[in-house]
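Chemist: Pasting in a structure now, in structure tokens, and then I'll have a few things to ask.
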Amino acid sequence: MDDRSAPPASTHDSSPLRSWWGWGAADQALPDADCVALGSLVPGAAQSPLPVPDVCALALPKVRIDPPRALAPVMSSAPRERASHTYGKAYRDVIRALNGDLAAAPDLVARPRSEQEVIDILDWAAHAHVAVVPYGAGSSVVGGVEYRADRHRAVVSLDLSSLDQVLEIDRISRAARIQAGALGPGLEAQLRPHGLTLRHFPQSFEFSTLGGWLATRAGGHYATLYTHIDDLVESLRVVTPVGVNQSLRLPGSGAGPSPDRLFLGSEGTLGVITEAWMRLQERPRHKASATVLFDDVHQAMDAVRAIAQSGLHPANCRLLDPGEAALAGVARDGHSALVLGVESAHVPVGGRLAELVTLARDHGGSPTPTVPGSADAAANTWRSAFLRMPHLRDALARMSVVTETFETACTWDRVPQLYESVRGQLADVVKEVTGHEGTINCRFTHVYPDGPAPYFTVIAPGRRGEEVAMWDRIKSAAMEILGNLGATVTHHHAVGRDHRPGYDRQRPEPFALALRAAKGALDPAGILNPGVLLDPLPRVGTDRR
């Protein structure tokens, strides 16, 4: 089964209508009354929500280029298509969309039905000096799909959602060849009859694609062991402007630098990932969860470190500080909460969960009561809040509340200082910027033997019309604090355009030289996602054809 030119039957058409301005499905957005109720919980918030504009009534920039006749059937300049492909889903994206600011809208949205059409689009774009921004499902929160370079004749958003099939399954090796446009639910639905799973469930699972996960080195829900999509890759197939790069399918290799590693995390700047062979797992049959409360957040961190270094590999090891635990409804009265989960496809997991709880108890934790054989209530509460949080963020954004997140990673020896520095120093910045005491919460999303990935949430009332500028100041300060502490600018949200300043400081200059050389070799016309990871090439005259 190797016909890459024939368009397979897409499962994308059955998806619910996506919100063009906010997170998820359009019918899941909170109504005005709920927005007002949420805003009332944030002193200083606006009294009424920003209205959601009629996308068909918005003044979009004029389309600057017509597609060639051969590609016209897969390209659209419809207002809703252009509007929904303008931004990702970060707070600053949502606010700008609500304000009808779509100045960065692409001229065309391309939905190729085959790899050959991807090749044809890149060939045309290189000769016409048209920027191409690869687009999985648009859930980027770092400016990864927004064109800001202003150095090309036009911009095409390359939406791969029609390439969404599981093409082959190797049951013996437990792997599958999957097209890059497959959304999480559709991918898992195709694997389920075989008793297999990719077992990669980021918060954006419903609204993100395999290609997006690969291009951004996404982190999944699971806290230990196979946390990043990198760990699940067997081989990649990537269309670049100078040819197709197909790596050899192997369980491992010591043959020089890995060709796959060049494209993992390249964020659409070096090529367009069209397919990947991915390592699969048996679907779990045994699951168990527990929640442990702590009076002291630093004792809780010590417990998590002991668990991460124990080799027990819990599927979930989510530490919520007191503010985050209260926000999620998991714990009150200043307690931190550790949500633990274990699973297996083969053996019962009760004994392993008991070992994890014992480790937590040894560090001052108190397990919450559970009924034997039933799901942990606190864990279920957290899970529901976790999935609902992006919709609450959008509702608060409509009330002009500055509410956004950022994440990082550092080694265990730096964790106490990082936690206190971010919460203390950033609190001062939030008050200076907004004029109000804000809320800064933290949770650990992933944990490793040598360090965790702290994930911070900022909530503060904003001033209508100034929300984006206020958040940009807060985010800039946060990146400065993280850089000074030797923490990464991002653990799993990618670099995009928003993290470029921090990323430029973080990466070694010899590596930057190599990356620039790779960009020049693979994308000599500089059309692929300009401004992400690297500065775009100088503007070329508009007379180029």
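Chain labels run A, B, ... following the order of the structure tokens; each chain numbers its residues from 1, and ligands are numbered from 1 in the order shown.
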With DSSP run on the backbone, what are the helix (DSSP H, G or I) residues within range 317-412 of chain A? I'd like them as a PyMOL selection string.

Modeler: chain A and resi 322-327+350-362+377-398+412

Chemist: What parts of range 56-123 of chain A does DSSP call strand (DSSP E or B)? I'd like the answer as a ChimeraX atom specification.

Modeler: /A:75-76,108-110

Chemist: Please produce an output containing all heavy atoms for each residue in the selection, written as a JSON list (two decimals), in the first residue's frame.

Modeler:
```json
[["chain", "number", "residue", "atom", "x", "y", "z"],
["A", 75, "MET", "N", -7.38, 24.98, -3.42],
["A", 75, "MET", "CA", -7.10, 26.25, -2.75],
["A", 75, "MET", "C", -8.37, 27.07, -2.61],
["A", 75, "MET", "O", -9.25, 27.05, -3.48],
["A", 75, "MET", "CB", -6.05, 27.04, -3.51],
["A", 75, "MET", "CG", -4.66, 26.43, -3.45],
["A", 75, "MET", "SD", -3.39, 27.56, -4.02],
["A", 75, "MET", "CE", -1.90, 26.60, -3.69],
["A", 76, "SER", "N", -8.47, 27.79, -1.49],
["A", 76, "SER", "CA", -9.65, 28.59, -1.21],
["A", 76, "SER", "C", -9.25, 29.95, -0.69],
["A", 76, "SER", "O", -8.28, 30.09, 0.05],
["A", 76, "SER", "CB", -10.53, 27.88, -0.17],
["A", 76, "SER", "OG", -11.58, 28.72, 0.26],
["A", 108, "LEU", "N", -4.43, 32.56, 0.68],
["A", 108, "LEU", "CA", -5.09, 31.33, 0.25],
["A", 108, "LEU", "C", -4.90, 30.25, 1.30],
["A", 108, "LEU", "O", -3.90, 30.23, 2.02],
["A", 108, "LEU", "CB", -4.51, 30.84, -1.08],
["A", 108, "LEU", "CG", -4.64, 31.76, -2.30],
["A", 108, "LEU", "CD1", -3.74, 31.27, -3.42],
["A", 108, "LEU", "CD2", -6.09, 31.85, -2.75],
["A", 109, "VAL", "N", -5.86, 29.34, 1.37],
["A", 109, "VAL", "CA", -5.74, 28.14, 2.19],
["A", 109, "VAL", "C", -5.72, 26.95, 1.26],
["A", 109, "VAL", "O", -6.65, 26.76, 0.46],
["A", 109, "VAL", "CB", -6.90, 28.02, 3.19],
["A", 109, "VAL", "CG1", -6.81, 26.69, 3.96],
["A", 109, "VAL", "CG2", -6.90, 29.20, 4.17],
["A", 110, "ALA", "N", -4.65, 26.18, 1.32],
["A", 110, "ALA", "CA", -4.51, 25.00, 0.46],
["A", 110, "ALA", "C", -4.77, 23.74, 1.28],
["A", 110, "ALA", "O", -4.26, 23.60, 2.39],
["A", 110, "ALA", "CB", -3.11, 24.95, -0.14]]
```

Chemist: Compile a residue-level contact table for range 381-430 of chain A against range 133-153 of chain A at a cut-off of 12 Å, reporting for every qualifying residue the shortest atom pair and its distance in Å to one decimal, with only C-alpha atoms counted, rows ordered by chain and ascending number, as a tab-separated table.

Modeler:
```
residue	atom	partner	partner_atom	distance
A:Pro390	CA	A:Ser139	CA	10.8
A:Glu404	CA	A:Val141	CA	9.6
A:Thr405	CA	A:Val141	CA	9.3
A:Phe406	CA	A:Val141	CA	9.4
A:Glu407	CA	A:Val141	CA	11.4
```

Chemist: Counting only C-alpha atoms, give me one row per residue of range 200-315 of chain A with an atom at most 6 Å from an atom of range 487-503 of chain A, showing the shortest contact pair and its distance in Å to one decimal, sorted by chain then residue number, as CSV.

Modeler:
```
residue,atom,partner,partner_atom,distance
A:Thr216,CA,A:Ala494,CA,5.2
A:Ala218,CA,A:His492,CA,5.1
A:Gly219,CA,A:His492,CA,5.2
```

Chemist: Store the residues picked out above, limited to N, CA, C and O atoms, as an mmCIF file, in the first residue's frame.

Modeler:
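Result went into out-v5.cif, see below:
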```cif
data_model
loop_
_atom_site.group_PDB
_atom_site.id
_atom_site.type_symbol
_atom_site.label_atom_id
_atom_site.label_comp_id
_atom_site.auth_asym_id
_atom_site.auth_seq_id
_atom_site.Cartn_x
_atom_site.Cartn_y
_atom_site.Cartn_z
ATOM 1 N N THR A 216 6.433 19.970 16.182
ATOM 2 C CA THR A 216 6.642 20.789 17.380
ATOM 3 C C THR A 216 7.208 20.002 18.554
ATOM 4 O O THR A 216 7.339 20.552 19.643
ATOM 5 N N ALA A 218 5.838 17.655 20.356
ATOM 6 C CA ALA A 218 4.781 17.808 21.348
ATOM 7 C C ALA A 218 4.941 16.832 22.511
ATOM 8 O O ALA A 218 5.444 15.721 22.350
ATOM 9 N N GLY A 219 4.486 17.269 23.663
ATOM 10 C CA GLY A 219 4.419 16.410 24.837
ATOM 11 C C GLY A 219 3.000 15.910 25.021
ATOM 12 O O GLY A 219 2.032 16.666 24.852
#
```

Chemist: Using only C-alpha atoms, which protein or nucleic acid residues come within 12 Å of Ser258 in chain A? Drop anything in the same chain fewer than 2 positions from it, and give the result as a ChimeraX atom specification.

Modeler: /A:230,233-236,246-250,252-256,260-264

Chemist: Per residue of range 17-116 of chain A within 8 Å of range 392-398 of chain A, what are the shortest atom pair and its distance in Å to one decimal, counting only C-alpha atoms, with rows by chain and residue number, as a Markdown table?

Modeler:
```
| residue | atom | partner | partner_atom | distance |
| --- | --- | --- | --- | --- |
| A:Gly22 | CA | A:Asp394 | CA | 6.4 |
| A:Trp23 | CA | A:Asp394 | CA | 7.2 |
| A:Ala29 | CA | A:Ala395 | CA | 7.6 |
| A:Leu30 | CA | A:Ala395 | CA | 6.2 |
| A:Asp34 | CA | A:Ala395 | CA | 7.7 |
| A:Cys35 | CA | A:Ala395 | CA | 4.9 |
| A:Leu38 | CA | A:Leu396 | CA | 6.6 |
| A:Gly39 | CA | A:Leu396 | CA | 6.0 |
| A:Pro49 | CA | A:Arg398 | CA | 4.8 |
| A:Leu50 | CA | A:Arg398 | CA | 4.8 |
| A:Pro51 | CA | A:Arg398 | CA | 7.5 |
| A:Tyr91 | CA | A:Ala397 | CA | 7.2 |
| A:Val94 | CA | A:Asp394 | CA | 7.2 |
| A:Ile95 | CA | A:Ala397 | CA | 6.6 |
| A:Leu98 | CA | A:Arg398 | CA | 7.7 |
```

Chemist: Using only C-alpha atoms, determine which residues lie at most 12 Å from Val468 in chain A, disregarding the query and same-chain residues fewer than 5 positions distant; provide the list as a ChimeraX atom specification.

Modeler: /A:90-99,101,397,400-404,433-434,462-463,473-475

Chemist: Next, the residues of the selection above should be written as a PDB file, in the first residue's frame with N, CA and C atoms.

Modeler:
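Listing of selection-v2.pdb after writing:
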```
ATOM      1  N   ALA A  90      -3.443  30.853  20.981  1.00  0.00           N
ATOM      2  CA  ALA A  90      -2.906  31.500  22.170  1.00  0.00           C
ATOM      3  C   ALA A  90      -3.849  32.609  22.622  1.00  0.00           C
ATOM      4  N   TYR A  91      -3.658  33.077  23.839  1.00  0.00           N
ATOM      5  CA  TYR A  91      -4.482  34.163  24.367  1.00  0.00           C
ATOM      6  C   TYR A  91      -4.449  35.383  23.447  1.00  0.00           C
ATOM      7  N   ARG A  92      -3.256  35.749  23.008  1.00  0.00           N
ATOM      8  CA  ARG A  92      -3.129  36.940  22.160  1.00  0.00           C
ATOM      9  C   ARG A  92      -3.802  36.713  20.803  1.00  0.00           C
ATOM     10  N   ASP A  93      -3.881  35.473  20.347  1.00  0.00           N
ATOM     11  CA  ASP A  93      -4.584  35.154  19.107  1.00  0.00           C
ATOM     12  C   ASP A  93      -6.090  35.328  19.281  1.00  0.00           C
ATOM     13  N   VAL A  94      -6.601  34.816  20.396  1.00  0.00           N
ATOM     14  CA  VAL A  94      -8.034  34.895  20.674  1.00  0.00           C
ATOM     15  C   VAL A  94      -8.479  36.354  20.784  1.00  0.00           C
ATOM     16  N   ILE A  95      -7.708  37.162  21.511  1.00  0.00           N
ATOM     17  CA  ILE A  95      -8.071  38.566  21.693  1.00  0.00           C
ATOM     18  C   ILE A  95      -8.084  39.302  20.353  1.00  0.00           C
ATOM     19  N   ARG A  96      -7.072  39.076  19.534  1.00  0.00           N
ATOM     20  CA  ARG A  96      -7.016  39.766  18.247  1.00  0.00           C
ATOM     21  C   ARG A  96      -8.162  39.335  17.341  1.00  0.00           C
ATOM     22  N   ALA A  97      -8.494  38.051  17.377  1.00  0.00           N
ATOM     23  CA  ALA A  97      -9.615  37.577  16.566  1.00  0.00           C
ATOM     24  C   ALA A  97     -10.925  38.196  17.042  1.00  0.00           C
ATOM     25  N   LEU A  98     -11.122  38.273  18.361  1.00  0.00           N
ATOM     26  CA  LEU A  98     -12.344  38.880  18.893  1.00  0.00           C
ATOM     27  C   LEU A  98     -12.455  40.355  18.518  1.00  0.00           C
ATOM     28  N   ASN A  99     -11.323  40.996  18.364  1.00  0.00           N
ATOM     29  CA  ASN A  99     -11.314  42.397  17.958  1.00  0.00           C
ATOM     30  C   ASN A  99     -11.349  42.575  16.441  1.00  0.00           C
ATOM     31  N   ASP A 101      -9.158  41.747  14.287  1.00  0.00           N
ATOM     32  CA  ASP A 101      -7.845  42.064  13.714  1.00  0.00           C
ATOM     33  C   ASP A 101      -7.317  40.839  12.980  1.00  0.00           C
ATOM     34  N   ALA A 397     -11.096  35.539  28.484  1.00  0.00           N
ATOM     35  CA  ALA A 397     -10.533  36.474  27.503  1.00  0.00           C
ATOM     36  C   ALA A 397     -11.610  37.431  27.005  1.00  0.00           C
ATOM     37  N   SER A 400     -11.955  40.374  29.051  1.00  0.00           N
ATOM     38  CA  SER A 400     -10.709  41.166  29.103  1.00  0.00           C
ATOM     39  C   SER A 400      -9.835  40.796  30.287  1.00  0.00           C
ATOM     40  N   VAL A 401      -9.928  39.557  30.728  1.00  0.00           N
ATOM     41  CA  VAL A 401      -9.020  39.045  31.753  1.00  0.00           C
ATOM     42  C   VAL A 401      -7.773  38.510  31.053  1.00  0.00           C
ATOM     43  N   VAL A 402      -6.614  38.898  31.540  1.00  0.00           N
ATOM     44  CA  VAL A 402      -5.360  38.347  31.019  1.00  0.00           C
ATOM     45  C   VAL A 402      -5.191  36.969  31.640  1.00  0.00           C
ATOM     46  N   THR A 403      -5.340  35.940  30.845  1.00  0.00           N
ATOM     47  CA  THR A 403      -5.269  34.573  31.370  1.00  0.00           C
ATOM     48  C   THR A 403      -4.561  33.688  30.358  1.00  0.00           C
ATOM     49  N   GLU A 404      -3.381  33.255  30.709  1.00  0.00           N
ATOM     50  CA  GLU A 404      -2.565  32.474  29.783  1.00  0.00           C
ATOM     51  C   GLU A 404      -1.574  31.628  30.569  1.00  0.00           C
ATOM     52  N   VAL A 433       1.904  45.809  35.632  1.00  0.00           N
ATOM     53  CA  VAL A 433       1.288  45.900  34.309  1.00  0.00           C
ATOM     54  C   VAL A 433      -0.218  46.121  34.402  1.00  0.00           C
ATOM     55  N   THR A 434      -0.885  45.388  35.291  1.00  0.00           N
ATOM     56  CA  THR A 434      -2.346  45.415  35.341  1.00  0.00           C
ATOM     57  C   THR A 434      -2.897  46.353  36.413  1.00  0.00           C
ATOM     58  N   GLY A 462      -7.435  42.634  32.933  1.00  0.00           N
ATOM     59  CA  GLY A 462      -6.770  43.489  31.961  1.00  0.00           C
ATOM     60  C   GLY A 462      -7.602  44.716  31.644  1.00  0.00           C
ATOM     61  N   ARG A 463      -7.062  45.590  30.847  1.00  0.00           N
ATOM     62  CA  ARG A 463      -7.795  46.779  30.400  1.00  0.00           C
ATOM     63  C   ARG A 463      -8.212  46.569  28.951  1.00  0.00           C
ATOM     64  N   ARG A 473       4.007  41.988  27.784  1.00  0.00           N
ATOM     65  CA  ARG A 473       4.953  42.454  28.805  1.00  0.00           C
ATOM     66  C   ARG A 473       5.158  41.389  29.885  1.00  0.00           C
ATOM     67  N   ILE A 474       4.064  40.756  30.283  1.00  0.00           N
ATOM     68  CA  ILE A 474       4.166  39.708  31.309  1.00  0.00           C
ATOM     69  C   ILE A 474       4.948  38.519  30.775  1.00  0.00           C
ATOM     70  N   LYS A 475       4.650  38.105  29.554  1.00  0.00           N
ATOM     71  CA  LYS A 475       5.329  36.953  28.963  1.00  0.00           C
ATOM     72  C   LYS A 475       6.814  37.245  28.774  1.00  0.00           C
TER      73      LYS A 475
END
```

Chemist: Would you work out the distance separating CA of Gly334 in chain A from CA of Val297 in chain A, expressed in Å to one decimal?

Modeler: 9.3 Å

Chemist: Might you pull out every residue within 12 Å of range 360-364 of chain A, with only C-alpha atoms counted and same-chain residues fewer than 3 positions away left off, and present them as a ChimeraX atom specification?

Modeler: /A:290-308,310,317,319,335-340,353-357,367-368

Chemist: Nearest residue to Lys519 in chain A out of A:Leu270, A:Leu418, A:Ile440, A:Val55, using only C-alpha atoms?

Modeler: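 Distance minimum relative to Lys519 in chain A lands on A:Leu270.
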
Chemist: My list of candidates is A:Gly435, A:Pro508, A:Pro369, A:Gly483. Which is closest to Ala409 in chain A when distances are computed with only C-alpha atoms?

Modeler: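 Among A:Gly435, A:Pro508, A:Pro369, A:Gly483, it is A:Gly483 that comes nearest to Ala409 in chain A.
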
Chemist: Restricting the calculation to only C-alpha atoms: of A:Gln203, A:Leu528, A:Glu343, A:Arg80, which residue gets closest to His129 in chain A?

Modeler: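 Selected residue with least distance to His129 in chain A: A:Leu528.
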